[in-house]
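With PDB, C-alpha atoms inside, this is coords.pdb:
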ATOM      1  CA  MET S  26       0.000   0.000   0.000
ATOM      2  CA  LYS S  27       0.978   3.661  -0.317
ATOM      3  CA  ALA S  28       1.632   5.712   2.796
ATOM      4  CA  ALA S  29       3.089   9.070   3.793
ATOM      5  CA  VAL S  30       6.193   8.473   5.910
ATOM      6  CA  VAL S  31       8.015  10.989   8.090
ATOM      7  CA  LYS S  32      11.490   9.570   7.517
ATOM      8  CA  SER S  33      13.516  11.967   9.630
ATOM      9  CA  ILE S  34      13.167  15.471  11.053
ATOM     10  CA  GLY S  35      11.840  17.700   8.269
ATOM     11  CA  GLU S  36      11.637  14.915   5.684
ATOM     12  CA  VAL S  37       8.382  13.339   4.524
ATOM     13  CA  GLY S  38       7.659  11.309   1.407
ATOM     14  CA  ILE S  39       5.309   8.732  -0.124
ATOM     15  CA  GLU S  40       6.455   5.120   0.093
ATOM     16  CA  THR S  41       5.119   1.666  -0.674
ATOM     17  CA  VAL S  42       4.892  -0.337   2.545
ATOM     18  CA  ASP S  43       3.395  -3.673   3.554
ATOM     19  CA  ASP S  44      -0.336  -3.815   4.113
ATOM     20  CA  PRO S  45      -1.149  -3.995   7.844
ATOM     21  CA  THR S  46      -2.381  -7.233   9.399
ATOM     22  CA  PRO S  47      -4.832  -6.978  12.289
ATOM     23  CA  GLY S  48      -3.588  -8.377  15.587
ATOM     24  CA  PRO S  49      -5.735  -9.615  18.477
ATOM     25  CA  GLY S  50      -8.572  -7.180  19.139
ATOM     26  CA  GLU S  51      -7.684  -5.121  16.059
ATOM     27  CA  VAL S  52      -9.287  -4.319  12.731
ATOM     28  CA  VAL S  53      -7.912  -2.942   9.483
ATOM     29  CA  VAL S  54      -9.558   0.245   8.244
ATOM     30  CA  GLU S  55      -9.460   1.363   4.626
ATOM     31  CA  VAL S  56      -8.941   5.098   5.057
ATOM     32  CA  ALA S  57     -11.419   7.420   3.355
ATOM     33  CA  ALA S  58      -9.823  10.688   4.499
ATOM     34  CA  CYS S  59      -7.116  11.843   6.865
ATOM     35  CA  GLY S  60      -6.904  15.397   8.200
ATOM     36  CA  LEU S  61      -3.730  17.395   8.720
ATOM     37  CA  CYS S  62      -3.144  18.929  12.140
ATOM     38  CA  GLY S  63      -0.638  21.140  13.916
ATOM     39  CA  THR S  64       0.574  18.023  15.734
ATOM     40  CA  ASP S  65       1.755  16.711  12.348
ATOM     41  CA  LEU S  66       4.053  19.723  12.094
ATOM     42  CA  HIS S  67       5.442  18.966  15.541
ATOM     43  CA  ILE S  68       6.113  15.378  14.459
ATOM     44  CA  LEU S  69       8.050  16.727  11.472
ATOM     45  CA  GLN S  70      10.120  18.736  13.957
ATOM     46  CA  GLY S  71      10.825  15.593  15.971
ATOM     47  CA  GLU S  72       8.510  16.684  18.786
ATOM     48  CA  PHE S  73       5.434  15.255  20.483
ATOM     49  CA  ALA S  74       6.948  11.881  21.332
ATOM     50  CA  PRO S  75       7.516  10.438  17.842
ATOM     51  CA  THR S  76      10.050   7.749  16.999
ATOM     52  CA  LEU S  77      10.922   8.195  13.360
ATOM     53  CA  PRO S  78      10.220   6.915  10.795
ATOM     54  CA  VAL S  79       6.454   6.918  11.328
ATOM     55  CA  ILE S  80       3.321   7.048   9.192
ATOM     56  CA  PRO S  81       1.464  10.154  10.466
ATOM     57  CA  GLY S  82      -2.255  10.833  10.548
ATOM     58  CA  HIS S  83      -4.357  10.759  13.710
ATOM     59  CA  GLU S  84      -7.541  12.351  12.289
ATOM     60  CA  PHE S  85      -9.145   9.761  10.022
ATOM     61  CA  ALA S  86     -12.190   7.704   9.190
ATOM     62  CA  GLY S  87     -12.866   4.838   6.833
ATOM     63  CA  THR S  88     -14.343   1.385   6.333
ATOM     64  CA  VAL S  89     -13.470  -1.788   8.216
ATOM     65  CA  VAL S  90     -12.071  -4.357   5.756
ATOM     66  CA  ALA S  91     -10.527  -7.020   8.021
ATOM     67  CA  LEU S  92     -11.004  -8.311  11.562
ATOM     68  CA  GLY S  93      -8.354  -9.708  13.875
ATOM     69  CA  PRO S  94      -9.050 -12.445  16.430
ATOM     70  CA  GLY S  95     -11.187 -11.206  19.305
ATOM     71  CA  ALA S  96     -12.272  -7.970  17.599
ATOM     72  CA  LEU S  97     -15.629  -7.172  19.193
ATOM     73  CA  ASP S  98     -18.618  -5.004  18.241
ATOM     74  CA  VAL S  99     -17.260  -4.187  14.753
ATOM     75  CA  ASN S 100     -18.023  -5.884  11.440
ATOM     76  CA  GLU S 101     -16.467  -5.826   8.003
ATOM     77  CA  GLY S 102     -18.089  -3.068   5.986
ATOM     78  CA  ASP S 103     -18.757  -0.817   8.982
ATOM     79  CA  ARG S 104     -17.987   2.853   8.387
ATOM     80  CA  VAL S 105     -16.076   4.159  11.370
ATOM     81  CA  ALA S 106     -14.247   7.124  12.824
ATOM     82  CA  VAL S 107     -11.231   6.151  14.909
ATOM     83  CA  ASP S 108     -10.130   7.512  18.269
ATOM     84  CA  PRO S 109      -6.311   7.554  17.939
ATOM     85  CA  SER S 110      -5.680   7.373  21.696
ATOM     86  CA  LEU S 111      -3.582   4.469  22.985
ATOM     87  CA  TYR S 112      -3.371   3.961  26.748
ATOM     88  CA  CYS S 113      -1.822   1.253  28.899
ATOM     89  CA  HIS S 114      -4.820   1.178  31.324
ATOM     90  CA  GLU S 115      -2.409   0.029  34.044
ATOM     91  CA  CYS S 116      -0.309   2.996  35.201
ATOM     92  CA  HIS S 117      -1.013   5.407  38.074
ATOM     93  CA  TYR S 118      -2.767   7.970  35.856
ATOM     94  CA  CYS S 119      -4.840   5.436  33.926
ATOM     95  CA  ARG S 120      -6.036   3.926  37.199
ATOM     96  CA  ARG S 121      -7.135   7.383  38.325
ATOM     97  CA  GLY S 122      -9.074   7.994  35.098
ATOM     98  CA  HIS S 123      -6.507  10.402  33.605
ATOM     99  CA  ASN S 124      -5.684   8.135  30.657
ATOM    100  CA  ASN S 125      -4.552  11.034  28.504
ATOM    101  CA  LEU S 126      -1.696  11.508  30.991
ATOM    102  CA  CYS S 127      -0.750   7.819  30.707
ATOM    103  CA  LEU S 128       2.893   7.137  31.532
ATOM    104  CA  ARG S 129       3.032   5.019  28.368
ATOM    105  CA  TRP S 130       0.800   7.299  26.310
ATOM    106  CA  GLY S 131       0.651   6.675  22.595
ATOM    107  CA  ALA S 132      -1.494   7.594  19.623
ATOM    108  CA  ILE S 133      -2.186   6.183  16.203
ATOM    109  CA  GLY S 134      -0.373   8.428  13.730
ATOM    110  CA  VAL S 135       1.958   9.778  16.418
ATOM    111  CA  THR S 136       3.725   6.856  18.061
ATOM    112  CA  THR S 137       2.420   4.093  15.750
ATOM    113  CA  ALA S 138       1.457   3.921  12.068
ATOM    114  CA  GLY S 139      -1.437   6.241  11.300
ATOM    115  CA  GLY S 140      -4.097   7.144   8.783
ATOM    116  CA  ALA S 141      -2.019   8.927   6.112
ATOM    117  CA  ALA S 142      -2.109   5.644   4.231
ATOM    118  CA  GLN S 143      -4.467   3.438   2.286
ATOM    119  CA  TYR S 144      -4.956   1.083   5.241
ATOM    120  CA  VAL S 145      -4.289   1.212   8.985
ATOM    121  CA  ALA S 146      -4.591  -1.345  11.778
ATOM    122  CA  VAL S 147      -6.391  -0.016  14.880
ATOM    123  CA  PRO S 148      -7.941  -1.408  18.069
ATOM    124  CA  ALA S 149     -11.550  -2.386  17.448
ATOM    125  CA  ALA S 150     -12.424  -0.642  20.726
ATOM    126  CA  ASN S 151     -11.292   2.679  19.230
ATOM    127  CA  CYS S 152     -13.804   2.522  16.365
ATOM    128  CA  VAL S 153     -17.039   4.511  16.506
ATOM    129  CA  GLN S 154     -19.653   3.549  13.939
ATOM    130  CA  LEU S 155     -21.081   6.343  11.818
ATOM    131  CA  PRO S 156     -24.790   6.986  11.216
ATOM    132  CA  ASP S 157     -25.999   6.782   7.631
ATOM    133  CA  HIS S 158     -26.278  10.538   7.155
ATOM    134  CA  VAL S 159     -22.628  11.270   8.032
ATOM    135  CA  ASP S 160     -20.187  11.218   5.118
ATOM    136  CA  THR S 161     -17.193   9.002   5.915
ATOM    137  CA  ARG S 162     -14.662  11.595   4.775
ATOM    138  CA  ASP S 163     -16.317  14.342   6.830
ATOM    139  CA  ALA S 164     -16.077  12.135   9.921
ATOM    140  CA  ALA S 165     -12.313  12.715  10.081
ATOM    141  CA  LEU S 166     -13.334  15.989  11.789
ATOM    142  CA  ILE S 167     -14.562  14.053  14.828
ATOM    143  CA  GLU S 168     -11.061  13.681  16.275
ATOM    144  CA  PRO S 169     -10.266  17.415  16.479
ATOM    145  CA  LEU S 170     -13.799  18.030  17.755
ATOM    146  CA  SER S 171     -13.172  15.472  20.508
ATOM    147  CA  CYS S 172     -10.111  17.496  21.570
ATOM    148  CA  ALA S 173     -12.292  20.612  21.764
ATOM    149  CA  VAL S 174     -14.878  18.718  23.839
ATOM    150  CA  ARG S 175     -12.074  17.690  26.195
ATOM    151  CA  GLY S 176     -11.052  21.352  26.390
ATOM    152  CA  TYR S 177     -14.494  22.266  27.668
ATOM    153  CA  ASP S 178     -14.460  19.317  30.055
ATOM    154  CA  VAL S 179     -11.593  20.871  32.028
ATOM    155  CA  LEU S 180     -13.388  24.210  32.353
ATOM    156  CA  SER S 181     -15.939  25.321  34.907
ATOM    157  CA  SER S 182     -17.969  26.818  32.097
ATOM    158  CA  GLN S 183     -20.952  28.912  33.093
ATOM    159  CA  LEU S 184     -23.869  30.400  31.204
ATOM    160  CA  GLY S 185     -23.260  34.038  30.396
ATOM    161  CA  SER S 186     -19.458  33.879  30.205
ATOM    162  CA  HIS S 187     -17.419  36.304  28.109
ATOM    163  CA  VAL S 188     -14.937  34.352  25.979
ATOM    164  CA  LEU S 189     -11.794  35.382  24.097
ATOM    165  CA  ILE S 190     -10.229  32.900  21.666
ATOM    166  CA  TYR S 191      -6.797  33.337  20.110
ATOM    167  CA  GLY S 192      -6.742  31.639  16.722
ATOM    168  CA  ALA S 193      -9.415  31.292  14.049
ATOM    169  CA  GLY S 194      -8.075  28.068  12.602
ATOM    170  CA  THR S 195      -9.892  24.763  12.825
ATOM    171  CA  MET S 196      -9.440  24.357  16.577
ATOM    172  CA  GLY S 197     -10.232  27.963  17.464
ATOM    173  CA  LEU S 198     -13.431  27.830  15.427
ATOM    174  CA  MET S 199     -14.435  24.538  17.029
ATOM    175  CA  MET S 200     -13.968  26.117  20.450
ATOM    176  CA  LEU S 201     -16.100  29.017  19.193
ATOM    177  CA  ARG S 202     -18.933  26.664  18.187
ATOM    178  CA  LEU S 203     -18.809  24.925  21.570
ATOM    179  CA  ALA S 204     -18.788  28.281  23.391
ATOM    180  CA  GLN S 205     -21.995  29.110  21.535
ATOM    181  CA  ARG S 206     -23.466  25.744  22.575
ATOM    182  CA  VAL S 207     -22.723  26.322  26.275
ATOM    183  CA  GLY S 208     -24.313  29.766  26.329
ATOM    184  CA  ALA S 209     -21.507  32.328  26.173
ATOM    185  CA  THR S 210     -22.750  35.919  26.316
ATOM    186  CA  SER S 211     -19.971  37.173  24.051
ATOM    187  CA  ILE S 212     -17.274  35.455  22.014
ATOM    188  CA  ASP S 213     -14.345  37.421  20.621
ATOM    189  CA  VAL S 214     -11.748  35.933  18.275
ATOM    190  CA  VAL S 215      -8.261  37.247  17.532
ATOM    191  CA  ASP S 216      -6.145  36.119  14.573
ATOM    192  CA  LEU S 217      -3.676  37.725  12.177
ATOM    193  CA  ASN S 218      -5.198  35.803   9.248
ATOM    194  CA  THR S 219      -7.965  38.076   7.929
ATOM    195  CA  ASP S 220      -9.497  35.330   5.772
ATOM    196  CA  ARG S 221     -10.044  33.209   8.855
ATOM    197  CA  LEU S 222     -11.491  36.185  10.715
ATOM    198  CA  GLU S 223     -14.116  36.471   7.989
ATOM    199  CA  ILE S 224     -15.085  32.849   8.589
ATOM    200  CA  ALA S 225     -15.378  33.578  12.319
ATOM    201  CA  ARG S 226     -17.642  36.544  11.587
ATOM    202  CA  GLY S 227     -19.811  34.280   9.465
ATOM    203  CA  LEU S 228     -20.236  32.009  12.475
ATOM    204  CA  GLY S 229     -21.648  34.860  14.516
ATOM    205  CA  VAL S 230     -18.883  36.018  16.848
ATOM    206  CA  THR S 231     -19.137  39.283  18.766
ATOM    207  CA  HIS S 232     -15.802  40.591  17.464
ATOM    208  CA  ALA S 233     -13.203  39.107  15.111
ATOM    209  CA  GLU S 234     -10.086  41.263  15.063
ATOM    210  CA  THR S 235      -6.323  41.126  14.598
ATOM    211  CA  THR S 236      -5.778  42.348  18.173
ATOM    212  CA  ALA S 237      -7.691  42.229  21.436
ATOM    213  CA  GLU S 238      -7.130  45.940  22.018
ATOM    214  CA  GLY S 239     -10.354  47.896  22.319
ATOM    215  CA  ILE S 240     -12.828  44.998  22.334
ATOM    216  CA  GLU S 241     -12.711  43.951  25.987
ATOM    217  CA  PRO S 242     -16.092  43.521  27.735
ATOM    218  CA  ARG S 243     -16.834  45.805  30.672
ATOM    219  CA  PHE S 244     -15.598  43.355  33.299
ATOM    220  CA  GLY S 245     -13.123  41.495  31.109
ATOM    221  CA  TRP S 246     -13.027  37.977  29.710
ATOM    222  CA  ASP S 247     -14.066  35.145  31.999
ATOM    223  CA  LEU S 248     -12.411  32.602  29.734
ATOM    224  CA  VAL S 249      -9.373  33.122  27.500
ATOM    225  CA  VAL S 250      -8.442  30.252  25.188
ATOM    226  CA  ASP S 251      -5.195  29.992  23.266
ATOM    227  CA  ALA S 252      -5.732  27.822  20.188
ATOM    228  CA  THR S 253      -2.514  28.913  18.448
ATOM    229  CA  GLY S 254       0.416  27.594  20.470
ATOM    230  CA  ASN S 255       2.118  30.882  19.603
ATOM    231  CA  ALA S 256       4.188  32.326  22.467
ATOM    232  CA  LYS S 257       3.191  35.946  21.729
ATOM    233  CA  ALA S 258      -0.504  35.080  21.659
ATOM    234  CA  ILE S 259      -0.166  33.095  24.881
ATOM    235  CA  GLN S 260       1.611  35.964  26.614
ATOM    236  CA  ASP S 261      -1.020  38.456  25.492
ATOM    237  CA  GLY S 262      -3.865  36.170  26.546
ATOM    238  CA  LEU S 263      -2.473  35.576  30.029
ATOM    239  CA  GLY S 264      -2.725  39.288  30.675
ATOM    240  CA  ARG S 265      -6.354  39.537  29.558
ATOM    241  CA  VAL S 266      -8.041  37.106  31.952
ATOM    242  CA  ALA S 267     -10.608  38.828  34.189
ATOM    243  CA  PRO S 268     -10.505  38.429  37.978
ATOM    244  CA  GLY S 269     -11.872  35.005  38.826
ATOM    245  CA  GLY S 270     -11.382  33.925  35.223
ATOM    246  CA  THR S 271      -9.591  31.063  33.492
ATOM    247  CA  PHE S 272      -6.853  30.792  30.877
ATOM    248  CA  LEU S 273      -6.915  27.556  28.867
ATOM    249  CA  GLN S 274      -3.772  26.482  27.019
ATOM    250  CA  PHE S 275      -5.383  24.519  24.211
ATOM    251  CA  GLY S 276      -2.982  25.046  21.294
ATOM    252  CA  VAL S 277       0.126  22.851  21.047
ATOM    253  CA  ALA S 278       3.181  25.062  21.519
ATOM    254  CA  ASP S 279       6.731  24.278  20.463
ATOM    255  CA  TYR S 280       8.788  22.694  23.221
ATOM    256  CA  ALA S 281      10.916  25.840  23.379
ATOM    257  CA  ALA S 282       7.996  28.291  23.741
ATOM    258  CA  ARG S 283       8.002  30.317  26.963
ATOM    259  CA  ALA S 284       5.615  32.788  28.632
ATOM    260  CA  THR S 285       5.906  34.875  31.795
ATOM    261  CA  ILE S 286       3.261  34.816  34.519
ATOM    262  CA  GLU S 287       2.598  37.276  37.335
ATOM    263  CA  PRO S 288       2.244  35.129  40.474
ATOM    264  CA  TYR S 289       0.833  37.939  42.630
ATOM    265  CA  ARG S 290      -1.895  38.736  40.075
ATOM    266  CA  ILE S 291      -2.811  35.038  39.824
ATOM    267  CA  TYR S 292      -3.098  34.887  43.609
ATOM    268  CA  ASN S 293      -4.785  38.234  44.136
ATOM    269  CA  LYS S 294      -7.317  37.901  41.300
ATOM    270  CA  GLU S 295      -7.900  34.168  41.732
ATOM    271  CA  ILE S 296      -6.987  33.373  38.145
ATOM    272  CA  THR S 297      -6.901  29.772  36.975
ATOM    273  CA  ILE S 298      -4.377  28.618  34.369
ATOM    274  CA  THR S 299      -5.022  25.152  32.978
ATOM    275  CA  GLY S 300      -4.300  22.936  29.989
ATOM    276  CA  SER S 301      -6.110  20.369  27.900
ATOM    277  CA  MET S 302      -4.246  17.354  26.542
ATOM    278  CA  ALA S 303      -5.731  15.604  23.518
ATOM    279  CA  VAL S 304      -8.719  13.288  24.047
ATOM    280  CA  LEU S 305     -10.187  11.879  27.264
ATOM    281  CA  HIS S 306     -13.590  10.159  27.340
ATOM    282  CA  SER S 307     -14.717  12.689  24.739
ATOM    283  CA  TYR S 308     -14.522  10.905  21.377
ATOM    284  CA  GLU S 309     -17.941   9.256  21.342
ATOM    285  CA  ARG S 310     -19.575  12.425  22.649
ATOM    286  CA  ALA S 311     -17.868  14.361  19.849
ATOM    287  CA  ALA S 312     -19.177  11.812  17.331
ATOM    288  CA  ASP S 313     -22.696  12.306  18.677
ATOM    289  CA  LEU S 314     -22.323  16.089  18.523
ATOM    290  CA  PHE S 315     -20.964  15.890  14.989
ATOM    291  CA  ALA S 316     -23.967  13.830  13.919
ATOM    292  CA  THR S 317     -26.265  16.640  15.150
ATOM    293  CA  GLY S 318     -24.596  19.119  12.783
ATOM    294  CA  VAL S 319     -22.627  21.164  15.325
ATOM    295  CA  LEU S 320     -20.035  21.693  12.563
ATOM    296  CA  ASP S 321     -20.532  22.369   8.868
ATOM    297  CA  PRO S 322     -17.988  20.121   7.090
ATOM    298  CA  GLU S 323     -18.143  22.233   3.937
ATOM    299  CA  LEU S 324     -17.019  25.247   5.955
ATOM    300  CA  PHE S 325     -14.270  23.478   7.902
ATOM    301  CA  ILE S 326     -12.837  21.241   5.166
ATOM    302  CA  THR S 327     -11.364  23.639   2.634
ATOM    303  CA  ASP S 328      -9.022  21.310   0.709
ATOM    304  CA  ARG S 329      -9.009  17.648  -0.229
ATOM    305  CA  VAL S 330      -5.892  16.408  -1.996
ATOM    306  CA  PRO S 331      -4.613  12.962  -3.012
ATOM    307  CA  LEU S 332      -2.194  11.205  -0.670
ATOM    308  CA  ASP S 333       0.571  11.574  -3.271
ATOM    309  CA  ARG S 334       0.531  15.329  -2.540
ATOM    310  CA  TYR S 335       1.001  14.947   1.212
ATOM    311  CA  ALA S 336       4.198  17.015   1.266
ATOM    312  CA  ASP S 337       2.520  19.821  -0.711
ATOM    313  CA  ALA S 338      -0.452  19.722   1.662
ATOM    314  CA  ILE S 339       1.880  20.103   4.650
ATOM    315  CA  GLU S 340       3.512  23.155   3.076
ATOM    316  CA  ALA S 341       0.116  24.736   2.344
ATOM    317  CA  PHE S 342      -0.934  24.020   5.929
ATOM    318  CA  LYS S 343       2.196  25.733   7.237
ATOM    319  CA  SER S 344       1.320  28.844   5.221
ATOM    320  CA  GLY S 345      -2.072  29.171   6.926
ATOM    321  CA  ALA S 346      -4.038  28.570   3.732
ATOM    322  CA  GLY S 347      -7.659  27.544   4.284
ATOM    323  CA  LEU S 348      -8.807  25.622   7.348
ATOM    324  CA  LYS S 349      -8.785  21.830   7.450
ATOM    325  CA  THR S 350      -6.881  20.031   4.710
ATOM    326  CA  GLN S 351      -7.568  16.349   4.139
ATOM    327  CA  VAL S 352      -5.528  13.839   2.178
ATOM    328  CA  LEU S 353      -7.411  11.108   0.363
ATOM    329  CA  PRO S 354      -5.567   7.767  -0.040
TER     330      PRO S 354
END
Since I need it in another form, could you write the structure as structure tokens?
Amino acid sequence: MKAAVVKSIGEVGIETVDDPTPGPGEVVVEVAACGLCGTDLHILQGEFAPTLPVIPGHEFAGTVVALGPGALDVNEGDRVAVDPSLYCHECHYCRRGHNNLCLRWGAIGVTTAGGAAQYVAVPAANCVQLPDHVDTRDAALIEPLSCAVRGYDVLSSQLGSHVLIYGAGTMGLMMLRLAQRVGATSIDVVDLNTDRLEIARGLGVTHAETTAEGIEPRFGWDLVVDATGNAKAIQDGLGRVAPGGTFLQFGVADYAARATIEPYRIYNKEITITGSMAVLHSYERAADLFATGVLDPELFITDRVPLDRYADAIEAFKSGAGLKTQVLP
């Protein structure tokens, strides 16, 4: 089969590799579509726990074409979206229900072969069957949505909150849609990409600007979300949290990124700073939300390209063109 392979830091190409064989409790999925993500850029940089070479792709959906021994609740021909999370279920954090902090954490497309290929072997337990009305290719959006659902899980979100989101890319806009679902009074979005700001305006934000200057609500923002991973955006956002408010680090920053906090202000204004790591008990809920139409796939998926153009798609993604790019094996 053909697959995209990150061979070494900064080097990715298309190779012919052996078709996967399902092991115990596994199935083989014929991939319909695989989304590109900021994490894929980190993998290219040698970050986010990869051992190279690796086949990337952790946002994907497809059709089950083979069953391994002991694969339960899945049949050949089922259309599925796949939770990429791999946990040991045995370590201290797994036993406490914090599987996403697993001491032996892994993910399909990050630490093992992923969905940027014609076929991929996955645990049957990670497959979520799709309802008839959901297009298989569109369902690759469920994985990033499940990360956004996890982001809201860590928050003490209240009706009537004022929300500021840094980043109008895929993840920022997903956080925007969820903020609308949980009853935010105002939602402001900041991004330097004016095309993406136009998309945010079309989704009904209060303000969509290139800077947060001059748009602050009377008593400030109760929730500030960084969906960029950019150190300058993070630093700016930390200073804009209202007393009693929360800053959520949602975007994946480079390992070397740094920001300065003001400990006295955090103490005196009772500010919470928290993070959200990938997926935790949120994938099936995201699939259910997706099936209700919480996202418009035609708005979010702006490019679909053949797998052979994976390297070109990565370069376009780096440039900030469009929103979600999918590769089609």
So which residues touch Pro169 of chain S within 8 Å, counting only C-alpha atoms, skipping near sequence neighbours fewer than 3 positions away, as a list in words? Glu84, Leu166, Cys172, Ala173 and Met196 of chain S
Selected residues written out, C-alpha atoms, as a short mmCIF file (atom, residue, chain, number, x, y, z; two decimals), in the coordinates of the input:
data_model
loop_
_atom_site.label_atom_id
_atom_site.label_comp_id
_atom_site.auth_asym_id
_atom_site.auth_seq_id
_atom_site.Cartn_x
_atom_site.Cartn_y
_atom_site.Cartn_z
CA GLU S 84 -7.54 12.35 12.29
CA LEU S 166 -13.33 15.99 11.79
CA CYS S 172 -10.11 17.50 21.57
CA ALA S 173 -12.29 20.61 21.76
CA MET S 196 -9.44 24.36 16.58
#
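When all atoms listed in the file are used to measure the gap to Thr299 of chain S, the shortest distance among S:Gly276, S:Gly38, S:Pro268, S:Gly140 belongs to S:Gly276.
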Pick the closest to Ile80 of chain S from S:Gly139, S:Gly208, S:Gly93, S:Gly131: which is it, counting all atoms listed in the file? S:Gly139
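When the PyMOL selection byres ((chain S and resi 107) around 10) is evaluated on the file shown here, the picked residues come out as S:Val54, S:His83, S:Glu84, S:Phe85, S:Ala86, S:Gly87, S:Arg104, S:Val105, S:Ala106, S:Asp108, S:Pro109, S:Ser110, S:Ile133, S:Gly140, S:Val147, S:Pro148, S:Ala149, S:Ala150, S:Asn151, S:Cys152, S:Val153, S:Gln154, S:Ala164, S:Ala165, S:Ile167, S:Glu168, S:Tyr308, S:Glu309.
Take atom CA of Asn255 of chain S and atom CA of Gln351 of chain S: the distance between them is 23.3 Å.
The spacing separating atom CA of Glu287 of chain S from atom CA of Met199 of chain S amounts to 29.4 Å.
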Return the single residue from S:Leu92, S:Ala311, S:Ile212, S:Val145 that is closest to Ala29 of chain S, with distances computed using all atoms listed in the file. S:Val145
Target residues per the PyMOL selection byres ((chain S and resi 320-331) around 7), formatted as JSON, numbers by chain: {"S": [163, 195, 315, 318, 319, 332, 333, 334, 347, 348, 349, 350, 351, 352, 353, 354]}
Residue contacts of Val266 of chain S (9 Å, all atoms listed in the file) excluding same-chain residues fewer than 5 positions away, as a ChimeraX atom specification: /S:189,245-249,271-272,296-297
Quick check on the file I pasted: which residues fall under the PyMOL selection byres ((chain S and resi 254) around 7)? Write them as a short mmCIF file (atom, residue, chain, number, x, y, z; two decimals) with C-alpha atoms, keeping the file's coordinate frame.
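This went into part-v4.cif:
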data_model
loop_
_atom_site.label_atom_id
_atom_site.label_comp_id
_atom_site.auth_asym_id
_atom_site.auth_seq_id
_atom_site.Cartn_x
_atom_site.Cartn_y
_atom_site.Cartn_z
CA ASP S 251 -5.20 29.99 23.27
CA ALA S 252 -5.73 27.82 20.19
CA THR S 253 -2.51 28.91 18.45
CA ASN S 255 2.12 30.88 19.60
CA ALA S 256 4.19 32.33 22.47
CA GLY S 276 -2.98 25.05 21.29
CA VAL S 277 0.13 22.85 21.05
CA ALA S 278 3.18 25.06 21.52
#
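Atom to atom, atom CA of Phe73 of chain S and atom CA of Thr136 of chain S stand 8.9 Å apart.
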